[in-house]
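Trainee: Compact mmCIF, C-alpha atoms, file coords22.txt:
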# COMPACT_ATOMS: atom_id res chain seq x y z
CA MET A 40 108.98 85.39 110.40
CA SER A 41 112.38 86.73 111.24
CA GLU A 42 115.78 85.17 111.19
CA ALA A 43 117.36 83.86 114.38
CA THR A 44 119.83 86.50 115.39
CA GLN A 45 121.10 88.79 118.01
CA SER A 46 119.56 92.24 118.28
CA VAL A 47 119.65 93.96 114.92
CA ALA A 48 118.63 97.43 116.14
CA SER A 49 122.11 98.90 115.69
CA SER A 50 123.61 96.43 113.22
CA SER A 51 125.22 96.94 109.84
CA TRP A 52 122.74 97.19 106.98
CA PHE A 53 125.41 95.87 104.62
CA GLU A 54 126.01 92.72 106.66
CA ALA A 55 122.37 92.00 107.52
CA SER A 56 120.17 89.54 105.65
CA ALA A 57 117.01 90.77 103.93
CA ARG A 58 114.89 89.37 106.76
CA GLN A 59 117.04 91.06 109.39
CA ARG A 60 116.76 94.38 107.53
CA VAL A 61 112.96 94.15 107.38
CA ALA A 62 112.76 93.27 111.08
CA ALA A 63 115.02 96.20 112.00
CA LEU A 64 113.25 98.68 109.71
CA ALA A 65 109.64 98.04 110.68
CA ASP A 66 108.03 98.77 114.04
CA PRO A 67 108.79 95.77 116.25
CA GLY A 68 106.79 92.68 115.39
CA SER A 69 104.68 94.49 112.77
CA PHE A 70 105.88 92.76 109.61
CA VAL A 71 103.44 90.26 108.10
CA GLU A 72 104.85 88.38 105.15
CA ILE A 73 102.84 87.76 101.98
CA ILE A 74 103.62 84.57 100.03
CA GLY A 75 106.09 83.43 102.66
CA PRO A 76 108.66 80.67 102.20
CA GLU A 77 106.23 78.03 103.49
CA GLN A 78 104.24 78.50 100.26
CA ARG A 79 107.31 77.42 98.30
CA GLU A 80 106.71 79.71 95.33
CA ILE A 81 110.10 78.84 93.91
CA SER A 82 111.72 79.65 90.59
CA PRO A 83 110.48 77.34 87.83
CA HIS A 84 113.72 77.91 85.87
CA LEU A 85 116.65 77.18 88.17
CA ALA A 86 116.08 73.40 88.20
CA ILE A 87 116.81 73.34 84.46
CA PHE A 88 120.30 74.56 85.28
CA ASP A 89 120.63 72.19 88.25
CA LEU A 90 120.84 75.18 90.59
CA PRO A 91 119.45 75.33 94.12
CA VAL A 92 116.29 77.34 94.74
CA GLN A 93 115.31 79.45 97.73
CA PHE A 94 111.78 79.13 99.13
CA ASP A 95 111.14 82.90 98.90
CA ASP A 96 113.09 83.25 95.61
CA GLY A 97 115.17 85.98 97.25
CA MET A 98 112.24 88.43 97.48
CA ILE A 99 110.47 89.04 100.78
CA ILE A 100 107.25 91.04 100.57
CA GLY A 101 104.62 91.98 103.10
CA ARG A 102 102.88 94.69 105.07
CA ALA A 103 104.29 96.41 108.10
CA VAL A 104 103.94 99.44 110.31
CA LEU A 105 106.62 102.13 110.09
CA GLY A 106 106.46 104.86 112.73
CA GLY A 107 102.79 104.03 113.27
CA ARG A 108 101.89 104.11 109.56
CA PRO A 109 100.86 101.10 107.54
CA VAL A 110 103.24 100.51 104.61
CA LEU A 111 104.13 97.76 102.19
CA VAL A 112 107.68 96.45 102.26
CA ALA A 113 109.78 94.48 99.77
CA ALA A 114 113.31 93.25 100.47
CA GLN A 115 115.79 91.53 98.18
CA GLU A 116 118.24 88.96 99.55
CA GLY A 117 121.47 89.95 97.84
CA ARG A 118 123.29 86.76 98.79
CA PHE A 119 120.88 84.49 96.91
CA MET A 120 121.67 84.64 93.16
CA GLY A 121 123.12 88.13 93.76
CA GLY A 122 119.61 89.38 94.55
CA ALA A 123 118.79 89.02 90.88
CA PHE A 124 115.33 89.38 89.39
CA GLY A 125 113.73 86.18 88.12
CA GLU A 126 110.15 85.39 87.25
CA VAL A 127 108.81 84.77 90.77
CA HIS A 128 111.14 87.29 92.43
CA GLY A 129 109.85 89.98 90.08
CA ALA A 130 106.18 88.95 90.18
CA LYS A 131 106.13 89.30 93.96
CA LEU A 132 107.27 92.94 93.70
CA THR A 133 104.84 93.65 90.85
CA GLY A 134 101.98 92.30 92.96
CA LEU A 135 103.03 94.35 95.98
CA LEU A 136 103.11 97.57 93.93
CA ARG A 137 99.69 96.83 92.46
CA ALA A 138 98.41 96.32 96.01
CA ALA A 139 99.88 99.73 96.86
CA THR A 140 97.82 101.29 94.06
CA GLU A 141 94.65 99.51 95.11
CA HIS A 142 94.97 100.11 98.84
CA HIS A 143 96.66 103.56 98.70
CA LEU A 144 99.69 102.49 100.70
CA ASP A 145 103.27 103.74 100.52
CA VAL A 146 105.97 101.23 99.62
CA VAL A 147 109.51 100.79 100.93
CA ILE A 148 111.81 98.72 98.71
CA LEU A 149 115.07 97.37 100.16
CA PHE A 150 117.11 96.95 97.00
CA ASP A 151 120.04 94.52 96.91
CA THR A 152 120.47 93.31 93.37
CA GLY A 153 122.87 92.75 90.52
CA GLY A 154 120.00 93.04 88.02
CA VAL A 155 118.21 90.40 86.02
CA ARG A 156 118.95 86.74 86.73
CA LEU A 157 120.76 85.40 83.67
CA GLN A 158 119.24 81.90 84.01
CA GLU A 159 115.75 83.34 83.52
CA ALA A 160 116.65 86.43 81.59
CA ASN A 161 113.53 86.80 79.45
CA ALA A 162 111.21 86.40 82.42
CA GLY A 163 113.44 88.70 84.46
CA GLU A 164 113.53 91.45 81.82
CA LEU A 165 109.75 91.26 81.48
CA ALA A 166 109.48 91.43 85.26
CA ILE A 167 111.50 94.67 85.31
CA GLY A 168 109.12 96.18 82.75
CA GLU A 169 106.08 95.07 84.72
CA ILE A 170 107.50 96.36 88.00
CA MET A 171 108.34 99.71 86.41
CA ARG A 172 104.78 100.08 85.15
CA ALA A 173 103.30 99.02 88.50
CA LEU A 174 105.65 101.41 90.32
CA VAL A 175 104.66 104.38 88.13
CA GLU A 176 100.96 103.52 88.50
CA ALA A 177 101.35 103.38 92.28
CA ARG A 178 103.00 106.81 92.23
CA LEU A 179 100.25 108.18 89.98
CA ALA A 180 97.76 106.90 92.55
CA GLY A 181 99.58 109.00 95.17
CA ALA A 182 101.78 106.38 96.80
CA LYS A 183 105.34 107.14 97.79
CA VAL A 184 107.85 104.51 96.72
CA ILE A 185 111.02 104.77 98.79
CA GLY A 186 114.17 102.88 97.83
CA LEU A 187 116.80 101.90 100.41
CA ILE A 188 120.22 101.01 99.02
CA GLY A 189 123.16 99.81 101.07
CA GLY A 190 123.43 96.06 100.48
CA ARG A 191 126.21 93.81 99.27
CA ALA A 192 125.02 93.51 95.69
CA GLY A 193 124.33 97.23 95.29
CA CYS A 194 121.51 98.19 92.94
CA TYR A 195 122.41 97.36 89.35
CA GLY A 196 120.85 96.52 86.02
CA GLY A 197 117.05 96.60 86.08
CA GLY A 198 117.28 97.41 89.79
CA GLY A 199 119.07 100.64 88.87
CA LEU A 200 116.25 101.51 86.47
CA LEU A 201 113.64 100.84 89.16
CA ALA A 202 115.59 102.98 91.62
CA GLY A 203 115.37 105.81 89.10
CA CYS A 204 111.56 105.56 89.26
CA CYS A 205 111.33 105.87 93.05
CA SER A 206 110.09 108.99 94.81
CA THR A 207 112.98 108.99 97.29
CA LEU A 208 116.28 107.10 97.42
CA ILE A 209 118.18 106.59 100.65
CA VAL A 210 121.76 105.37 100.31
CA SER A 211 124.70 104.52 102.55
CA GLU A 212 128.37 104.85 101.62
CA GLN A 213 128.44 101.11 100.85
CA GLY A 214 125.45 101.42 98.53
CA ARG A 215 126.11 101.45 94.80
CA ILE A 216 123.64 102.51 92.13
CA SER A 217 124.13 102.05 88.41
CA VAL A 218 122.77 100.14 85.44
CA SER A 219 125.85 98.53 83.90
CA GLY A 220 128.10 97.17 86.63
CA PRO A 221 131.90 97.56 86.74
CA GLU A 222 132.64 94.14 85.22
CA VAL A 223 130.11 94.71 82.43
CA ILE A 224 131.68 98.04 81.49
CA GLU A 225 135.18 96.59 81.55
CA THR A 226 134.15 93.58 79.46
CA ASN A 227 132.51 95.73 76.81
CA LYS A 228 134.74 98.79 76.75
CA GLY A 229 138.09 97.57 78.02
CA VAL A 230 140.10 98.05 81.17
CA GLU A 231 141.34 101.47 79.96
CA GLU A 232 137.72 102.66 80.11
CA PHE A 233 136.93 101.15 83.49
CA ASP A 234 139.04 98.96 85.79
CA SER A 235 136.46 96.93 87.68
CA ARG A 236 139.06 95.78 90.21
CA ASP A 237 139.80 99.36 91.25
CA ARG A 238 137.36 99.49 94.14
CA ALA A 239 138.02 103.15 94.90
CA LEU A 240 137.16 104.00 91.28
CA VAL A 241 133.99 101.92 91.46
CA TRP A 242 132.84 103.80 94.56
CA ARG A 243 133.83 107.23 93.13
CA THR A 244 131.65 106.41 90.13
CA MET A 245 128.71 104.48 91.55
CA GLY A 246 129.01 104.63 95.33
CA GLY A 247 126.66 106.24 97.83
CA LYS A 248 128.63 109.46 98.38
CA HIS A 249 128.90 110.17 94.67
CA ARG A 250 125.23 109.41 94.04
CA TYR A 251 124.25 111.71 96.89
CA LEU A 252 126.49 114.52 95.59
CA ILE A 253 125.08 114.42 92.06
CA GLY A 254 121.47 114.19 93.23
CA GLY A 255 121.11 110.54 92.31
CA ALA A 256 120.11 109.80 95.90
CA ASP A 257 118.15 112.05 98.24
CA ALA A 258 119.46 111.02 101.65
CA PHE A 259 122.83 109.73 102.83
CA VAL A 260 122.94 107.66 106.00
CA ASP A 261 125.32 105.55 108.08
CA ASP A 262 125.51 101.83 107.33
CA GLU A 263 123.14 101.15 110.16
CA ALA A 264 119.57 99.85 110.30
CA GLY A 265 118.39 102.60 112.65
CA ALA A 266 119.74 105.29 110.31
CA PHE A 267 117.89 103.80 107.35
CA ARG A 268 114.73 103.64 109.45
CA GLN A 269 114.98 107.31 110.46
CA ALA A 270 115.56 108.39 106.87
CA ALA A 271 112.62 106.27 105.67
CA LEU A 272 110.37 107.89 108.29
CA ALA A 273 111.46 111.33 107.08
CA ALA A 274 110.82 110.31 103.45
CA LEU A 275 107.29 109.20 104.35
CA ASP A 276 106.66 112.70 105.70
CA ARG A 277 107.53 114.35 102.39
CA PRO A 278 104.64 115.19 100.07
CA SER A 279 104.03 112.76 97.24
CA ARG A 280 104.12 114.40 93.82
CA PHE A 281 104.10 112.73 90.45
CA GLY A 282 102.95 113.71 87.00
CA LEU A 283 104.04 115.31 83.76
CA GLU A 284 105.62 118.36 85.46
CA VAL A 285 107.71 116.16 87.71
CA LEU A 286 108.94 114.11 84.76
CA GLN A 287 109.73 117.24 82.76
CA ALA A 288 111.64 118.64 85.72
CA GLU A 289 113.58 115.39 85.94
CA GLN A 290 114.41 115.57 82.22
CA ARG A 291 115.65 119.15 82.63
CA ARG A 292 117.70 118.12 85.67
CA LEU A 293 119.40 115.29 83.80
CA GLU A 294 120.12 117.52 80.79
CA ARG A 295 121.68 120.11 83.12
CA ARG A 296 123.71 117.40 84.77
CA LEU A 297 125.06 116.14 81.47
CA GLU A 298 125.91 119.67 80.41
CA ARG A 299 127.64 120.46 83.68
CA PHE A 300 129.54 117.22 84.23
CA GLY A 301 129.62 115.51 80.82
CA GLY A 302 133.32 116.24 80.38
CA ALA A 303 134.34 114.89 83.80
CA ARG A 304 136.67 111.87 83.70
CA ASP A 305 136.31 110.87 87.33
CA GLY A 306 134.06 111.36 90.33
CA THR A 307 136.57 113.79 91.83
CA ASP A 308 136.23 116.02 88.72
CA VAL A 309 132.49 116.18 89.38
CA TRP A 310 132.99 117.01 93.05
CA THR A 311 135.50 119.72 92.08
CA ALA A 312 132.98 121.21 89.65
CA LEU A 313 130.37 121.16 92.40
CA GLY A 314 132.71 123.28 94.53
CA VAL A 315 132.99 120.77 97.35
CA ALA A 316 135.95 121.59 99.61
CA GLU A 317 138.95 119.23 99.25
CA PRO A 318 137.23 116.87 96.83
CA ALA A 319 140.07 114.31 96.87
CA GLY A 320 139.39 113.68 100.57
CA ILE A 321 135.67 112.92 100.14
CA PRO A 322 135.98 109.10 100.22
CA ASP A 323 137.71 109.22 103.62
CA LEU A 324 135.15 111.42 105.38
CA GLY A 325 132.80 110.25 108.12
CA THR A 326 129.10 110.80 107.61
CA ASP A 327 128.74 114.05 109.58
CA GLU A 328 131.69 115.79 107.96
CA PHE A 329 130.67 114.52 104.53
CA LEU A 330 127.12 115.87 104.92
CA ARG A 331 128.52 119.21 106.15
CA ARG A 332 130.72 119.56 103.06
CA ALA A 333 127.96 118.42 100.72
CA ALA A 334 125.42 120.88 102.12
CA GLY A 335 124.67 123.70 99.71
CA LYS A 336 127.01 122.25 97.06
CA ARG A 337 125.35 118.98 96.01
CA GLU A 338 122.85 118.71 93.22
CA THR A 339 119.38 117.87 94.40
CA ALA A 340 116.41 116.27 92.71
CA ASP A 341 113.78 117.96 94.88
CA ASP A 342 111.84 119.40 91.94
CA ALA A 343 112.17 116.18 90.00
CA ARG A 344 110.96 113.58 92.49
CA MET B 784 120.59 68.62 92.42
CA GLU B 785 120.36 65.65 94.74
CA ASN B 786 117.26 65.12 96.86
CA LEU B 787 117.46 63.31 100.18
CA SER B 788 114.74 62.53 102.69
CA PHE B 789 114.99 61.25 106.24
CA THR B 790 112.31 60.42 108.77
CA LEU B 791 113.71 60.00 112.25
CA LYS B 792 112.32 59.20 115.68
CA ALA B 793 112.68 62.34 117.77
CA PRO B 794 112.96 61.79 121.52
CA ALA B 795 112.12 65.39 122.46
CA ALA B 796 109.25 67.51 121.07
CA ALA B 797 110.06 70.96 119.68
CA GLY B 798 109.29 73.74 122.17
CA GLY B 799 107.29 76.92 121.69
CA ALA B 800 104.21 77.47 119.55
CA ARG B 801 105.37 79.19 116.37
CA PRO B 802 104.06 77.36 113.33
CA ARG B 803 107.27 77.86 111.36
CA ALA B 804 110.69 79.49 111.22
CA ILE B 805 113.26 80.10 108.52
CA VAL B 806 117.00 80.68 108.84
CA GLY B 807 119.91 81.06 106.43
CA VAL B 808 120.17 81.92 102.76
CA VAL B 809 120.97 79.76 99.75
CA ALA B 810 124.44 80.72 98.61
CA SER B 811 127.75 79.00 98.02
CA GLY B 812 128.65 77.18 101.23
CA ASN B 813 125.40 78.21 102.87
CA LEU B 814 121.86 76.84 103.17
CA GLU B 815 118.37 77.71 104.28
CA VAL B 816 116.33 75.66 106.74
CA LEU B 817 112.55 76.00 106.85
CA ALA B 818 111.12 74.43 110.01
CA GLU B 819 107.39 73.68 110.08
CA ARG B 820 105.44 72.18 112.94
CA ILE B 821 103.55 69.67 110.82
CA SER B 822 105.14 66.25 111.43
CA PRO B 823 103.60 63.68 113.80
CA ALA B 824 104.75 64.14 117.39
CA GLY B 825 107.77 62.00 118.09
CA ALA B 826 109.00 62.21 114.52
CA CYS B 827 111.18 64.64 112.60
CA THR B 828 111.27 64.62 108.83
CA VAL B 829 114.11 66.24 106.94
CA GLU B 830 113.94 66.95 103.21
CA ILE B 831 117.11 68.11 101.54
CA ALA B 832 117.81 69.50 98.09
CA THR B 833 121.55 69.91 97.70
CA SER B 834 123.82 71.02 94.89
CA ALA B 835 126.63 68.78 96.22
CA HIS B 836 126.12 65.19 95.03
CA GLY B 837 127.21 62.04 96.83
CA PHE B 838 127.14 63.18 100.45
CA GLY B 839 124.09 61.20 101.59
CA ALA B 840 126.00 59.43 104.37
CA VAL B 841 127.30 62.74 105.76
CA TRP B 842 123.81 64.25 105.70
CA GLN B 843 122.44 61.20 107.49
CA ALA B 844 125.10 61.50 110.19
CA VAL B 845 124.53 65.24 110.73
CA VAL B 846 120.73 64.94 110.78
CA THR B 847 120.73 61.89 113.08
CA ASP B 848 123.05 63.63 115.51
CA PHE B 849 120.91 66.77 115.41
CA VAL B 850 117.62 64.95 116.14
CA ALA B 851 119.24 63.00 118.99
CA ARG B 852 120.60 66.17 120.65
CA ARG B 853 117.91 68.78 119.99
CA ALA B 854 114.18 69.00 120.57
CA ALA B 855 112.97 68.47 117.01
CA GLY B 856 109.91 66.22 117.45
CA GLY B 857 106.91 67.26 115.34
CA LEU B 858 108.98 69.26 112.86
CA ARG B 859 109.41 69.02 109.14
CA LEU B 860 112.73 70.55 108.15
CA SER B 861 113.10 71.53 104.50
CA ILE B 862 116.58 72.39 103.34
CA ASN B 863 117.87 74.12 100.22
CA ASP B 864 121.62 73.70 100.23
CA GLY B 865 124.31 75.48 98.28
CA GLY B 866 127.07 73.07 99.29
CA ALA B 867 127.43 73.97 102.96
CA ARG B 868 129.91 72.15 105.20
CA PRO B 869 128.53 69.85 107.90
CA ASP B 870 129.30 72.31 110.70
CA THR B 871 127.35 75.05 108.90
CA VAL B 872 124.45 72.64 108.42
CA ALA B 873 124.47 71.74 112.11
CA LEU B 874 124.51 75.44 113.03
CA ARG B 875 121.53 76.27 110.77
CA LEU B 876 119.54 73.31 112.08
CA ALA B 877 120.16 74.47 115.66
CA GLN B 878 119.19 78.06 114.73
CA ALA B 879 115.94 76.88 113.12
CA VAL B 880 114.89 74.87 116.18
CA ARG B 881 115.91 77.73 118.45
CA LEU B 882 113.85 80.24 116.44
CA ILE B 883 110.67 78.15 116.31
CA GLU B 884 110.81 77.99 120.13
CA GLU B 885 110.74 81.78 120.44
CA PRO B 886 107.55 83.50 121.56
CA GLY B 887 105.47 85.38 118.98
CA ALA B 888 104.25 84.53 115.52
As C-alpha cells, how would this structure be written, given the file I've shared?
Mentor:
Amino acid sequence: MSEATQSVASSSWFEASARQRVAALADPGSFVEIIGPEQREISPHLAIFDLPVQFDDGMIIGRAVLGGRPVLVAAQEGRFMGGAFGEVHGAKLTGLLRAATEHHLDVVILFDTGGVRLQEANAGELAIGEIMRALVEARLAGAKVIGLIGGRAGCYGGGGLLAGCCSTLIVSEQGRISVSGPEVIETNKGVEEFDSRDRALVWRTMGGKHRYLIGGADAFVDDEAGAFRQAALAALDRPSRFGLEVLQAEQRRLERRLERFGGARDGTDVWTALGVAEPAGIPDLGTDEFLRRAAGKRETADDAR
Amino acid sequence: MENLSFTLKAPAAAGGARPRAIVGVVASGNLEVLAERISPAGACTVEIATSAHGFGAVWQAVVTDFVARRAAGGLRLSINDGGARPDTVALRLAQAVRLIEEPGA
C-alpha cells in the first residue's frame, strides 16, 4: 500500500512520509508490506497512557525490488511518536533482519527516530539490543545493511547506535546522527555545554555534512528521494565485508578520530583540522560544491565498514 | 481515548478493486484512516479512536457528510486520531476513498 499523493519521484525526503519514501525508493510497485496496518499489530503500552496508537506502530517493513535486486526494506514514520522504538516497532525490524539472515537478502533501513519510546522504555531498550544482534548476525551472514538518514526526527538514541552497526550510511544535509540529542545534552550538561536552540550548532555537530566529513556517513546526497535511491543502488554494489578485522579497523579509526579531533570545540574546528577550504562557509554550500571541497580531505570509514 | 462507531447507509459503492488503503499519520492535529473493503454493500462503517474527548457530535456530522458525498459503500474506515480538526478529517477520508479506487494492489 502507498499513501495517496502526487508523484514522489523528485520530492523532498525530509517532507515525505515513511510510506512515500518506500514507494519512491523501491522499483515502482515492487514493495510488498509484511505485517501491514490491516493486521493492527499495535502497541500494547500506549493505551495505558491514554495515547493514540498507529496501526503499523510507526514501522513499515516488507520486501521490494531495488534496481532489479530483491531487498528487504524497513521505514520509520518520524511523525508518529517521533519515530521512536517501542515493543512492536522494534520487533518488526528484528524480524526483518532475521529474515535477511535466513534468506540472504540485503536490507535498507530508512531511519527517522528520536530513539526509544519513553512510554515503553524497557521494551524499547530491549528491542534496540535485539535489533543490534539481528543486524550483526545478518552482516555476518553476508547481508549488506544500508541506512538512509534524512528525516525530520534524525537518527538519535538507539537509532544512532543501530546506524553505527550498518555497512553503509547515506545522509542528506537535513539528516542528523547522534546518540544523545541536543535537548538531552543541554538538560544534563547545561546550556554552556550545548545550546539546543542553536540550530546551526546542532547541525555543525550532528548534521549530515559534519557526519560525512568525519566519516560518520559514507555518502552525502541531496534531500531528494531519487538521490537516496541512486546512493542506495551504489551501496548495494559495494562488497559486503564483516568480521573481526573490520571491527578492529573501526576501533582503530575511532581512536585516530579521537586523537585527531578530541580537542575541537566546534564542528568548524574539525573541518579546519581536516584542511577543508574555507571551513566557516561549509554550512552554506550546495551539494556539488560541498562534495568537491570534501573530496580528498574527509575522513572515510572504507576499511572499517 | 474515546471510541466512537458509526454505521451509515452509503448511497454509492466505493470504486476500484483494491482491498485496502491507508492515508495519514497519527500525530498532533493529524490522523490515519485505514479503509478496508469488508462492509456489506450499501453500508459504510466508521470506527474512531480519538485523543480528543467530547466531540462525538462533530464526528457524526463530518462522517455523515462524507458518506453522503463520496462513494464509500462497502468500506470499513478505521481511524486513529491525534486531535485533528474537522477539515483535516474530511481531507483524510476523501484521500482514503480516492486511494482505494486507484488501480493496482
Trainee: Can you check which residues of chain B have any atom within 6 Å of chain A? Use all atoms listed in the file and format it as a PyMOL selection string.
Mentor: chain B and resi 784+806+809-810+882
Trainee: Would you mind exporting C-alpha atoms of the selected residues as a short mmCIF file (atom, residue, chain, number, x, y, z; two decimals), in the coordinates of the input?
Mentor:
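Just written: out_28.cif:
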data_model
loop_
_atom_site.label_atom_id
_atom_site.label_comp_id
_atom_site.auth_asym_id
_atom_site.auth_seq_id
_atom_site.Cartn_x
_atom_site.Cartn_y
_atom_site.Cartn_z
CA MET B 784 120.59 68.62 92.42
CA VAL B 806 117.00 80.68 108.84
CA VAL B 809 120.97 79.76 99.75
CA ALA B 810 124.44 80.72 98.61
CA LEU B 882 113.85 80.24 116.44
#
Trainee: Taking (114.4, 73.6, 117.2) in the coordinates of the supplied file, I want to know which residues reach to within 9 Å of it, counting only C-alpha atoms; could you give the answer as a short mmCIF file (atom, residue, chain, number, x, y, z; two decimals) with C-alpha atoms, keeping the file's coordinate frame?
Mentor:
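Saved to part.cif:
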data_model
loop_
_atom_site.label_atom_id
_atom_site.label_comp_id
_atom_site.auth_asym_id
_atom_site.auth_seq_id
_atom_site.Cartn_x
_atom_site.Cartn_y
_atom_site.Cartn_z
CA ALA B 796 109.25 67.51 121.07
CA ALA B 797 110.06 70.96 119.68
CA GLY B 798 109.29 73.74 122.17
CA ALA B 818 111.12 74.43 110.01
CA ARG B 853 117.91 68.78 119.99
CA ALA B 854 114.18 69.00 120.57
CA ALA B 855 112.97 68.47 117.01
CA GLY B 856 109.91 66.22 117.45
CA LEU B 858 108.98 69.26 112.86
CA LEU B 876 119.54 73.31 112.08
CA ALA B 877 120.16 74.47 115.66
CA GLN B 878 119.19 78.06 114.73
CA ALA B 879 115.94 76.88 113.12
CA VAL B 880 114.89 74.87 116.18
CA ARG B 881 115.91 77.73 118.45
CA LEU B 882 113.85 80.24 116.44
CA ILE B 883 110.67 78.15 116.31
CA GLU B 884 110.81 77.99 120.13
#
Trainee: I'd like the neighbourhood of Ala139 in chain A as a list in words, where a residue qualifies if any of its atoms comes within 10 Å (using all atoms listed in the file), though same-chain residues fewer than 2 positions away should be ignored.
Mentor: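 Contacts, in chain order: Val110, Leu111, Thr133, Gly134, Leu135, Leu136, Arg137, Glu141, His142, His143, Leu144, Asp145, Val146, Ala173, Leu174, Glu176, Ala177, Arg178, Ala180, Gly181, Ala182, Lys183 and Val184 of chain A.
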Trainee: Those residues you just picked out, can you put them in a file as a JSON list (two decimals), in the frame of the given file with C-alpha atoms?
Mentor:
[["chain", "number", "residue", "atom", "x", "y", "z"],
["A", 110, "VAL", "CA", 103.24, 100.51, 104.61],
["A", 111, "LEU", "CA", 104.13, 97.76, 102.19],
["A", 133, "THR", "CA", 104.84, 93.65, 90.85],
["A", 134, "GLY", "CA", 101.98, 92.30, 92.96],
["A", 135, "LEU", "CA", 103.03, 94.35, 95.98],
["A", 136, "LEU", "CA", 103.11, 97.57, 93.93],
["A", 137, "ARG", "CA", 99.69, 96.83, 92.46],
["A", 141, "GLU", "CA", 94.65, 99.51, 95.11],
["A", 142, "HIS", "CA", 94.97, 100.11, 98.84],
["A", 143, "HIS", "CA", 96.66, 103.56, 98.70],
["A", 144, "LEU", "CA", 99.69, 102.49, 100.70],
["A", 145, "ASP", "CA", 103.27, 103.74, 100.52],
["A", 146, "VAL", "CA", 105.97, 101.23, 99.62],
["A", 173, "ALA", "CA", 103.30, 99.02, 88.50],
["A", 174, "LEU", "CA", 105.65, 101.41, 90.32],
["A", 176, "GLU", "CA", 100.96, 103.52, 88.50],
["A", 177, "ALA", "CA", 101.35, 103.38, 92.28],
["A", 178, "ARG", "CA", 103.00, 106.81, 92.23],
["A", 180, "ALA", "CA", 97.76, 106.90, 92.55],
["A", 181, "GLY", "CA", 99.58, 109.00, 95.17],
["A", 182, "ALA", "CA", 101.78, 106.38, 96.80],
["A", 183, "LYS", "CA", 105.34, 107.14, 97.79],
["A", 184, "VAL", "CA", 107.85, 104.51, 96.72]]
Trainee: Extract, using only C-alpha atoms, all DNA, RNA and protein residues at most 8 Å from Asn786 in chain B, discarding same-chain residues fewer than 4 positions from it, and format them as a list in words.
Mentor: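 Those residues are Glu830, Ile831, Ala832 and Thr833 of chain B.
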Trainee: Mind dumping the selected residues with C-alpha atoms as a PDB file, keeping the file's coordinate frame?
Mentor:
ATOM      1  CA  GLU B 830     113.940  66.950 103.210  1.00  0.00           C
ATOM      2  CA  ILE B 831     117.110  68.110 101.540  1.00  0.00           C
ATOM      3  CA  ALA B 832     117.810  69.500  98.090  1.00  0.00           C
ATOM      4  CA  THR B 833     121.550  69.910  97.700  1.00  0.00           C
TER       5      THR B 833
END
Trainee: Between B:Gly857, B:Pro869, B:Phe838, B:Pro823, which residue has the minimum interatomic distance to Gly799 in chain B, considering only C-alpha atoms?
Mentor: B:Gly857
Trainee: Return the single residue from B:Ser788, B:Asn813, B:Thr871, B:Ser861 that is closest to Ser834 in chain B, with distances computed using all atoms listed in the file.
Mentor: B:Asn813
Trainee: What is the distance between CA of Gly247 in chain A and CA of Pro221 in chain A, in Å to one decimal?
Mentor: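 Interatomic distance here is 15.0 Å.
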Trainee: Would you pick out the contacts of Ser219 in chain A at 7 Å or less, using all atoms listed in the file, so that residues sharing its chain but fewer than 2 positions from it are not included, and give the list as a PyMOL selection string?
Mentor: chain A and resi 195-196+217+221+223-224
Trainee: Could you check the closest approach to Leu787 in chain B for each of B:Leu874, B:Val829, B:Val845, B:Val816 and tell me which residue wins, using only C-alpha atoms?
Mentor: B:Val829
Trainee: Got a sec: who's within 9 Å of His128 in chain A, counting only C-alpha atoms, leaving out chain neighbours fewer than 2 positions off, as a list in words?
Mentor: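 Everything that qualifies: Ile81, Ser82, Asp95, Asp96, Gly97, Met98, Ile99, Gln115, Gly122, Ala123, Phe124, Gly125, Glu126, Ala130, Lys131, Leu132, Gly163 and Ala166 of chain A.
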Trainee: Quick one, how far is CA of Val841 in chain B from CA of Ser822 in chain B?
Mentor: 23.1 Å
